[in-house]
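Q: PDB, N, CA and C atoms and all ligand atoms, saved as start_12.pdb, coming up:
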```pdb
ATOM      1  N   MET I 473    -134.580 -46.826-114.186
ATOM      2  CA  MET I 473    -135.047 -46.214-112.944
ATOM      3  C   MET I 473    -134.754 -44.718-112.903
ATOM      4  N   ALA I 474    -133.699 -44.304-113.570
ATOM      5  CA  ALA I 474    -133.350 -42.878-113.540
ATOM      6  C   ALA I 474    -134.446 -42.054-114.201
ATOM      7  N   ARG I 475    -134.625 -40.854-113.690
ATOM      8  CA  ARG I 475    -135.636 -39.986-114.296
ATOM      9  C   ARG I 475    -134.920 -38.828-114.963
ATOM     10  N   PRO I 476    -134.633 -38.973-116.237
ATOM     11  CA  PRO I 476    -133.797 -37.985-116.938
ATOM     12  C   PRO I 476    -134.399 -36.599-116.957
ATOM     13  N   PHE I 477    -135.697 -36.469-116.684
ATOM     14  CA  PHE I 477    -136.294 -35.133-116.741
ATOM     15  C   PHE I 477    -135.616 -34.169-115.784
ATOM     16  N   ALA I 478    -135.065 -34.685-114.675
ATOM     17  CA  ALA I 478    -134.501 -33.802-113.656
ATOM     18  C   ALA I 478    -133.039 -33.464-113.917
ATOM     19  N   LYS I 479    -132.412 -34.155-114.822
ATOM     20  CA  LYS I 479    -130.968 -33.952-114.987
ATOM     21  C   LYS I 479    -130.604 -32.532-115.439
ATOM     22  N   PRO I 480    -131.242 -32.003-116.478
ATOM     23  CA  PRO I 480    -130.902 -30.629-116.872
ATOM     24  C   PRO I 480    -131.191 -29.628-115.759
ATOM     25  N   PHE I 481    -132.240 -29.890-114.994
ATOM     26  CA  PHE I 481    -132.561 -28.992-113.881
ATOM     27  C   PHE I 481    -131.419 -28.931-112.875
ATOM     28  N   TYR I 482    -130.907 -30.092-112.487
ATOM     29  CA  TYR I 482    -129.844 -30.116-111.479
ATOM     30  C   TYR I 482    -128.531 -29.565-112.001
ATOM     31  N   ARG I 483    -128.449 -29.375-113.300
ATOM     32  CA  ARG I 483    -127.246 -28.757-113.850
ATOM     33  C   ARG I 483    -127.433 -27.251-114.065
ATOM     34  N   SER I 484    -128.603 -26.733-113.805
ATOM     35  CA  SER I 484    -128.873 -25.343-114.156
ATOM     36  C   SER I 484    -128.243 -24.379-113.151
ATOM     37  N   ARG I 485    -127.949 -23.199-113.635
ATOM     38  CA  ARG I 485    -127.381 -22.136-112.821
ATOM     39  C   ARG I 485    -128.359 -21.719-111.715
ATOM     40  N   GLU I 486    -129.649 -21.704-112.040
ATOM     41  CA  GLU I 486    -130.668 -21.310-111.071
ATOM     42  C   GLU I 486    -130.671 -22.266-109.883
ATOM     43  N   TRP I 487    -130.606 -23.566-110.197
ATOM     44  CA  TRP I 487    -130.604 -24.552-109.124
ATOM     45  C   TRP I 487    -129.349 -24.400-108.267
ATOM     46  N   GLU I 488    -128.206 -24.213-108.905
ATOM     47  CA  GLU I 488    -126.944 -24.080-108.165
ATOM     48  C   GLU I 488    -127.029 -22.897-107.207
ATOM     49  N   LYS I 489    -127.628 -21.804-107.675
ATOM     50  CA  LYS I 489    -127.754 -20.613-106.839
ATOM     51  C   LYS I 489    -128.636 -20.883-105.623
ATOM     52  N   VAL I 490    -129.797 -21.474-105.854
ATOM     53  CA  VAL I 490    -130.733 -21.668-104.756
ATOM     54  C   VAL I 490    -130.211 -22.753-103.802
ATOM     55  N   ARG I 491    -129.497 -23.718-104.349
ATOM     56  CA  ARG I 491    -128.911 -24.778-103.528
ATOM     57  C   ARG I 491    -127.892 -24.179-102.539
ATOM     58  N   GLN I 492    -127.031 -23.302-103.066
ATOM     59  CA  GLN I 492    -126.049 -22.635-102.198
ATOM     60  C   GLN I 492    -126.753 -21.817-101.127
ATOM     61  N   TYR I 493    -127.812 -21.122-101.533
ATOM     62  CA  TYR I 493    -128.547 -20.286-100.599
ATOM     63  C   TYR I 493    -129.130 -21.121 -99.463
ATOM     64  N   VAL I 494    -129.727 -22.239 -99.823
ATOM     65  CA  VAL I 494    -130.397 -23.075 -98.824
ATOM     66  C   VAL I 494    -129.379 -23.705 -97.876
ATOM     67  N   ILE I 495    -128.275 -24.171 -98.408
ATOM     68  CA  ILE I 495    -127.252 -24.781 -97.552
ATOM     69  C   ILE I 495    -126.696 -23.741 -96.579
ATOM     70  N   ARG I 496    -126.490 -22.536 -97.073
ATOM     71  CA  ARG I 496    -125.998 -21.466 -96.203
ATOM     72  C   ARG I 496    -127.051 -21.112 -95.145
ATOM     73  N   ARG I 497    -128.310 -20.992 -95.591
ATOM     74  CA  ARG I 497    -129.403 -20.691 -94.665
ATOM     75  C   ARG I 497    -129.457 -21.728 -93.549
ATOM     76  N   ASP I 498    -129.225 -22.990 -93.906
ATOM     77  CA  ASP I 498    -129.294 -24.072 -92.928
ATOM     78  C   ASP I 498    -127.963 -24.283 -92.207
ATOM     79  N   LYS I 499    -127.057 -23.339 -92.385
ATOM     80  CA  LYS I 499    -125.766 -23.348 -91.694
ATOM     81  C   LYS I 499    -124.959 -24.616 -91.987
ATOM     82  N   TYR I 500    -125.093 -25.119 -93.192
ATOM     83  CA  TYR I 500    -124.311 -26.270 -93.660
ATOM     84  C   TYR I 500    -124.583 -27.530 -92.841
ATOM     85  N   LEU I 501    -125.740 -27.571 -92.176
ATOM     86  CA  LEU I 501    -126.063 -28.733 -91.349
ATOM     87  C   LEU I 501    -127.306 -29.440 -91.856
ATOM     88  N   CYS I 502    -127.276 -30.748 -91.729
ATOM     89  CA  CYS I 502    -128.454 -31.550 -92.009
ATOM     90  C   CYS I 502    -129.552 -31.151 -91.043
ATOM     91  N   GLN I 503    -130.721 -30.835 -91.566
ATOM     92  CA  GLN I 503    -131.810 -30.355 -90.725
ATOM     93  C   GLN I 503    -132.534 -31.492 -89.995
ATOM     94  N   LYS I 504    -132.111 -32.708 -90.209
ATOM     95  CA  LYS I 504    -132.686 -33.849 -89.500
ATOM     96  C   LYS I 504    -131.791 -34.280 -88.344
ATOM     97  N   CYS I 505    -130.493 -34.412 -88.607
ATOM     98  CA  CYS I 505    -129.618 -35.025 -87.603
ATOM     99  C   CYS I 505    -128.454 -34.139 -87.198
ATOM    100  N   GLY I 506    -128.227 -33.019 -87.859
ATOM    101  CA  GLY I 506    -127.151 -32.128 -87.460
ATOM    102  C   GLY I 506    -125.779 -32.457 -88.041
ATOM    103  N   SER I 507    -125.701 -33.499 -88.838
ATOM    104  CA  SER I 507    -124.435 -33.791 -89.534
ATOM    105  C   SER I 507    -124.199 -32.739 -90.614
ATOM    106  N   PRO I 508    -122.979 -32.673 -91.139
ATOM    107  CA  PRO I 508    -122.751 -31.742 -92.257
ATOM    108  C   PRO I 508    -123.711 -32.034 -93.408
ATOM    109  N   ALA I 509    -124.329 -30.987 -93.931
ATOM    110  CA  ALA I 509    -125.281 -31.167 -95.028
ATOM    111  C   ALA I 509    -124.533 -31.461 -96.311
ATOM    112  N   GLU I 510    -125.041 -32.393 -97.087
ATOM    113  CA  GLU I 510    -124.398 -32.732 -98.353
ATOM    114  C   GLU I 510    -125.310 -32.484 -99.534
ATOM    115  N   GLU I 511    -126.622 -32.477 -99.292
ATOM    116  CA  GLU I 511    -127.549 -32.407-100.401
ATOM    117  C   GLU I 511    -128.735 -31.535-100.014
ATOM    118  N   VAL I 512    -129.406 -31.023-101.012
ATOM    119  CA  VAL I 512    -130.609 -30.222-100.775
ATOM    120  C   VAL I 512    -131.804 -30.990-101.329
ATOM    121  N   HIS I 513    -132.790 -31.126-100.477
ATOM    122  CA  HIS I 513    -133.934 -31.980-100.787
ATOM    123  C   HIS I 513    -135.188 -31.154-101.039
ATOM    124  N   HIS I 514    -135.976 -31.569-102.021
ATOM    125  CA  HIS I 514    -137.279 -30.955-102.271
ATOM    126  C   HIS I 514    -138.322 -31.610-101.389
ATOM    127  N   LYS I 515    -138.950 -30.823-100.502
ATOM    128  CA  LYS I 515    -139.997 -31.383 -99.641
ATOM    129  C   LYS I 515    -141.146 -31.898-100.494
ATOM    130  N   ILE I 516    -141.576 -31.084-101.449
ATOM    131  CA  ILE I 516    -142.480 -31.600-102.485
ATOM    132  C   ILE I 516    -141.585 -32.125-103.595
ATOM    133  N   HIS I 517    -141.564 -33.421-103.769
ATOM    134  CA  HIS I 517    -140.629 -34.014-104.726
ATOM    135  C   HIS I 517    -140.860 -33.492-106.135
ATOM    136  N   LEU I 518    -139.764 -33.352-106.849
ATOM    137  CA  LEU I 518    -139.872 -32.907-108.232
ATOM    138  C   LEU I 518    -140.561 -33.963-109.091
ATOM    139  N   SER I 519    -141.335 -33.495-110.017
ATOM    140  CA  SER I 519    -141.976 -34.383-110.986
ATOM    141  C   SER I 519    -141.942 -33.664-112.334
ATOM    142  N   PRO I 520    -142.196 -34.399-113.400
ATOM    143  CA  PRO I 520    -142.225 -33.729-114.708
ATOM    144  C   PRO I 520    -143.270 -32.611-114.743
ATOM    145  N   GLU I 521    -144.284 -32.700-113.877
ATOM    146  CA  GLU I 521    -145.342 -31.694-113.869
ATOM    147  C   GLU I 521    -144.912 -30.413-113.153
ATOM    148  N   ASN I 522    -144.078 -30.533-112.110
ATOM    149  CA  ASN I 522    -143.770 -29.326-111.332
ATOM    150  C   ASN I 522    -142.346 -28.807-111.532
ATOM    151  N   ILE I 523    -141.558 -29.476-112.321
ATOM    152  CA  ILE I 523    -140.147 -29.085-112.414
ATOM    153  C   ILE I 523    -139.979 -27.703-113.042
ATOM    154  N   ASN I 524    -140.956 -27.268-113.822
ATOM    155  CA  ASN I 524    -140.871 -25.930-114.410
ATOM    156  C   ASN I 524    -141.609 -24.875-113.588
ATOM    157  N   ASP I 525    -142.080 -25.282-112.416
ATOM    158  CA  ASP I 525    -142.761 -24.343-111.532
ATOM    159  C   ASP I 525    -141.764 -23.853-110.485
ATOM    160  N   PRO I 526    -141.293 -22.602-110.618
ATOM    161  CA  PRO I 526    -140.260 -22.108-109.698
ATOM    162  C   PRO I 526    -140.716 -22.113-108.239
ATOM    163  N   GLU I 527    -142.027 -22.022-108.013
ATOM    164  CA  GLU I 527    -142.546 -22.033-106.639
ATOM    165  C   GLU I 527    -142.242 -23.358-105.949
ATOM    166  N   ILE I 528    -142.071 -24.398-106.729
ATOM    167  CA  ILE I 528    -141.758 -25.709-106.166
ATOM    168  C   ILE I 528    -140.299 -26.054-106.397
ATOM    169  N   ALA I 529    -139.852 -25.935-107.634
ATOM    170  CA  ALA I 529    -138.506 -26.401-107.981
ATOM    171  C   ALA I 529    -137.413 -25.506-107.390
ATOM    172  N   LEU I 530    -137.698 -24.185-107.278
ATOM    173  CA  LEU I 530    -136.644 -23.246-106.882
ATOM    174  C   LEU I 530    -137.003 -22.427-105.651
ATOM    175  N   SER I 531    -138.041 -22.813-104.927
ATOM    176  CA  SER I 531    -138.414 -22.040-103.752
ATOM    177  C   SER I 531    -137.678 -22.551-102.515
ATOM    178  N   PRO I 532    -136.941 -21.662-101.817
ATOM    179  CA  PRO I 532    -136.251 -22.094-100.601
ATOM    180  C   PRO I 532    -137.215 -22.695 -99.577
ATOM    181  N   ASP I 533    -138.475 -22.285 -99.608
ATOM    182  CA  ASP I 533    -139.461 -22.850 -98.678
ATOM    183  C   ASP I 533    -139.692 -24.333 -98.928
ATOM    184  N   ASN I 534    -139.438 -24.756-100.126
ATOM    185  CA  ASN I 534    -139.645 -26.168-100.464
ATOM    186  C   ASN I 534    -138.348 -26.966-100.370
ATOM    187  N   LEU I 535    -137.293 -26.314 -99.891
ATOM    188  CA  LEU I 535    -135.983 -26.970 -99.903
ATOM    189  C   LEU I 535    -135.411 -27.072 -98.501
ATOM    190  N   VAL I 536    -134.702 -28.155 -98.258
ATOM    191  CA  VAL I 536    -134.093 -28.350 -96.947
ATOM    192  C   VAL I 536    -132.756 -29.068 -97.130
ATOM    193  N   SER I 537    -131.755 -28.663 -96.340
ATOM    194  CA  SER I 537    -130.434 -29.295 -96.418
ATOM    195  C   SER I 537    -130.432 -30.584 -95.605
ATOM    196  N   LEU I 538    -129.885 -31.622 -96.200
ATOM    197  CA  LEU I 538    -129.816 -32.914 -95.518
ATOM    198  C   LEU I 538    -128.448 -33.550 -95.756
ATOM    199  N   CYS I 539    -128.055 -34.439 -94.836
ATOM    200  CA  CYS I 539    -126.888 -35.271 -95.125
ATOM    201  C   CYS I 539    -127.340 -36.386 -96.071
ATOM    202  N   ARG I 540    -126.395 -37.113 -96.606
ATOM    203  CA  ARG I 540    -126.754 -38.112 -97.596
ATOM    204  C   ARG I 540    -127.649 -39.213 -97.005
ATOM    205  N   ASP I 541    -127.334 -39.629 -95.779
ATOM    206  CA  ASP I 541    -128.123 -40.696 -95.152
ATOM    207  C   ASP I 541    -129.573 -40.283 -94.962
ATOM    208  N   CYS I 542    -129.759 -39.078 -94.400
ATOM    209  CA  CYS I 542    -131.139 -38.629 -94.166
ATOM    210  C   CYS I 542    -131.858 -38.396 -95.485
ATOM    211  N   HIS I 543    -131.126 -37.890 -96.458
ATOM    212  CA  HIS I 543    -131.749 -37.649 -97.753
ATOM    213  C   HIS I 543    -132.228 -38.963 -98.370
ATOM    214  N   PHE I 544    -131.344 -39.937 -98.299
ATOM    215  CA  PHE I 544    -131.715 -41.239 -98.842
ATOM    216  C   PHE I 544    -132.937 -41.787 -98.126
ATOM    217  N   ARG I 545    -132.955 -41.604 -96.805
ATOM    218  CA  ARG I 545    -134.098 -42.097 -96.027
ATOM    219  C   ARG I 545    -135.391 -41.374 -96.418
ATOM    220  N   GLU I 546    -135.274 -40.063 -96.679
ATOM    221  CA  GLU I 546    -136.452 -39.302 -97.107
ATOM    222  C   GLU I 546    -137.099 -39.929 -98.343
ATOM    223  N   HIS I 547    -136.246 -40.460 -99.188
ATOM    224  CA  HIS I 547    -136.751 -41.000-100.441
ATOM    225  C   HIS I 547    -137.067 -42.481-100.370
ATOM    226  N   SER I 548    -136.369 -43.198 -99.489
ATOM    227  CA  SER I 548    -136.483 -44.654 -99.535
ATOM    228  C   SER I 548    -137.834 -45.154 -99.038
ATOM    229  N   ASN I 549    -138.557 -44.331 -98.263
ATOM    230  CA  ASN I 549    -139.875 -44.800 -97.849
ATOM    231  C   ASN I 549    -140.946 -44.489 -98.884
ATOM    232  N   LYS I 550    -140.549 -43.764 -99.909
ATOM    233  CA  LYS I 550    -141.476 -43.523-101.017
ATOM    234  C   LYS I 550    -140.800 -44.055-102.271
ATOM    235  N   ARG I 551    -141.133 -45.239-102.601
ATOM    236  CA  ARG I 551    -140.409 -45.954-103.642
ATOM    237  C   ARG I 551    -140.322 -45.199-104.971
ATOM    238  N   THR I 552    -141.377 -44.548-105.349
ATOM    239  CA  THR I 552    -141.369 -43.874-106.642
ATOM    240  C   THR I 552    -140.460 -42.650-106.622
ATOM    241  N   ALA I 553    -140.334 -42.019-105.456
ATOM    242  CA  ALA I 553    -139.579 -40.773-105.395
ATOM    243  C   ALA I 553    -138.077 -41.004-105.351
ATOM    244  N   VAL I 554    -137.644 -42.203-105.041
ATOM    245  CA  VAL I 554    -136.203 -42.476-104.992
ATOM    246  C   VAL I 554    -135.543 -42.057-106.291
ATOM    247  N   ALA I 555    -136.248 -42.277-107.364
ATOM    248  CA  ALA I 555    -135.680 -42.023-108.681
ATOM    249  C   ALA I 555    -135.449 -40.545-108.955
ATOM    250  N   GLU I 556    -135.951 -39.677-108.095
ATOM    251  CA  GLU I 556    -135.744 -38.253-108.309
ATOM    252  C   GLU I 556    -134.260 -37.918-108.376
ATOM    253  N   GLU I 557    -133.481 -38.443-107.427
ATOM    254  CA  GLU I 557    -132.068 -38.115-107.416
ATOM    255  C   GLU I 557    -131.159 -39.344-107.423
ATOM    256  N   TYR I 558    -131.771 -40.514-107.454
ATOM    257  CA  TYR I 558    -130.963 -41.723-107.425
ATOM    258  C   TYR I 558    -131.332 -42.619-108.595
ATOM    259  N   GLU I 559    -130.389 -43.408-108.972
ATOM    260  CA  GLU I 559    -130.680 -44.380-110.007
ATOM    261  C   GLU I 559    -129.996 -45.687-109.634
ATOM    262  N   PHE I 560    -130.341 -46.736-110.311
ATOM    263  CA  PHE I 560    -129.710 -48.024-110.053
ATOM    264  C   PHE I 560    -128.582 -48.232-111.046
ATOM    265  N   ASP I 561    -127.425 -48.606-110.512
ATOM    266  CA  ASP I 561    -126.331 -48.884-111.438
ATOM    267  C   ASP I 561    -126.479 -50.303-111.978
ATOM    268  N   GLU I 562    -125.516 -50.703-112.803
ATOM    269  CA  GLU I 562    -125.670 -51.976-113.494
ATOM    270  C   GLU I 562    -125.664 -53.168-112.533
ATOM    271  N   ASN I 563    -125.164 -52.943-111.297
ATOM    272  CA  ASN I 563    -125.168 -54.024-110.312
ATOM    273  C   ASN I 563    -126.397 -53.996-109.415
ATOM    274  N   GLY I 564    -127.281 -53.046-109.673
ATOM    275  CA  GLY I 564    -128.493 -52.975-108.877
ATOM    276  C   GLY I 564    -128.360 -52.146-107.614
ATOM    277  N   PHE I 565    -127.224 -51.461-107.428
ATOM    278  CA  PHE I 565    -127.059 -50.590-106.270
ATOM    279  C   PHE I 565    -127.650 -49.222-106.560
ATOM    280  N   ILE I 566    -128.208 -48.608-105.526
ATOM    281  CA  ILE I 566    -128.728 -47.257-105.691
ATOM    282  C   ILE I 566    -127.583 -46.256-105.557
ATOM    283  N   VAL I 567    -127.435 -45.405-106.552
ATOM    284  CA  VAL I 567    -126.362 -44.404-106.540
ATOM    285  C   VAL I 567    -126.968 -43.039-106.871
ATOM    286  N   PRO I 568    -126.380 -41.969-106.305
ATOM    287  CA  PRO I 568    -126.880 -40.632-106.668
ATOM    288  C   PRO I 568    -126.613 -40.356-108.130
ATOM    289  N   ILE I 569    -127.561 -39.691-108.773
ATOM    290  CA  ILE I 569    -127.387 -39.350-110.180
ATOM    291  C   ILE I 569    -126.254 -38.335-110.336
ATOM    292  N   LYS I 570    -126.183 -37.431-109.370
ATOM    293  CA  LYS I 570    -125.202 -36.355-109.468
ATOM    294  C   LYS I 570    -124.573 -36.195-108.105
ATOM    295  N   LYS I 571    -123.258 -36.069-108.064
ATOM    296  CA  LYS I 571    -122.585 -35.854-106.784
ATOM    297  C   LYS I 571    -122.906 -34.435-106.347
ATOM    298  N   ASP I 572    -123.521 -34.316-105.195
ATOM    299  CA  ASP I 572    -124.089 -33.037-104.794
ATOM    300  C   ASP I 572    -123.456 -32.525-103.508
ATOM    301  N   THR I 573    -122.172 -32.741-103.356
ATOM    302  CA  THR I 573    -121.497 -32.305-102.137
ATOM    303  C   THR I 573    -121.113 -30.848-102.230
ATOM    304  N   ILE I 574    -120.814 -30.252-101.100
ATOM    305  CA  ILE I 574    -120.426 -28.835-101.078
ATOM    306  C   ILE I 574    -119.050 -28.685-101.713
TER     307      ILE I 574
HETATM  308 ZN    ZN U   1    -128.812 -36.225 -91.488
HETATM  309 ZN    ZN U   2    -134.654 -35.253-102.354
END
```
Is it possible to give me this structure as structure tokens?
A:
Amino acid sequence: MARPFAKPFYRSREWEKVRQYVIRRDKYLCQKCGSPAEEVHHKIHLSPENINDPEIALSPDNLVSLCRDCHFREHSNKRTAVAEEYEFDENGFIVPIKKDTI
């Protein structure tokens, strides 16, 4: 279920920079519910086709800070997109690929 194409991206210096920027811009709050933001979400989900397009992958306009619950919800209604940042562990539970806390 994991989509390894995104792993190097989430480890990149560019992503770390823009992630910090977006969380700061959003005042460290989830833009859905106001809880502390834990993750940064791509409004247009990353795909192997757009991950090298900075306008999508690294544009603050395409990014929003969310708490883990809201982020998970953003993805859970689109079954294919869940795999962007989550994978299934050996017990079948959905877990984040990378711990993305502040
Ligand atoms: Zn939230
Ligand atoms: Zn997301």
Q: Hey, which bits of chain I sit within 6 Å of ligand ZN 2 (chain U), and for each residue what's the closest pair of atoms and how far apart in Å (one decimal), counting only C-alpha atoms and all ligand atoms, rows by chain and increasing number, as a Markdown table?
A:
```
| residue | atom | partner | partner_atom | distance |
| --- | --- | --- | --- | --- |
| I:His513 | CA | U:ZN2 | ZN | 3.7 |
| I:His514 | CA | U:ZN2 | ZN | 5.0 |
| I:His543 | CA | U:ZN2 | ZN | 5.9 |
```
Q: With distances taken over all atoms listed in the file, which of I:Ser484, I:Ser537, I:Ser519, I:Ser531 is nearest to ligand ZN 1 (chain U)?
A: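 Of I:Ser484, I:Ser537, I:Ser519, I:Ser531, the one nearest ligand ZN 1 (chain U), counting all atoms listed in the file, is I:Ser537.
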Q: Using only N, CA and C atoms and all ligand atoms, which residues have at least one atom no more than 6 Å from ligand ZN 1 (chain U)? Output them as a PyMOL selection string.
A: chain I and resi 502-507+538-543
Q: Applying the PyMOL selection byres (((chain I and resi 529) around 8) and not hetatm) to the file I just gave you, which residues come out? Please list them as a list in words.
A: Glu486, Trp487, His514, Ile516, His517, Leu518, Ser519, Asn522, Ile523, Asn524, Asp525, Pro526, Glu527, Ile528, Leu530, Ser531, Pro532, Asn534 and Leu535 of chain I
Q: So what do you get for atom N of Phe477 (chain I) versus atom N of Arg496 (chain I), distance-wise?
A: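 Result for atom N of Phe477 (chain I) versus atom N of Arg496 (chain I): 25.8 Å, one decimal.
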Q: Could you tell me how far atom N of Asp533 (chain I) sits from atom C of Lys499 (chain I), in Å to one decimal place?
A: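 Going from atom C of Lys499 (chain I) over to atom N of Asp533 (chain I) covers 15.7 Å.
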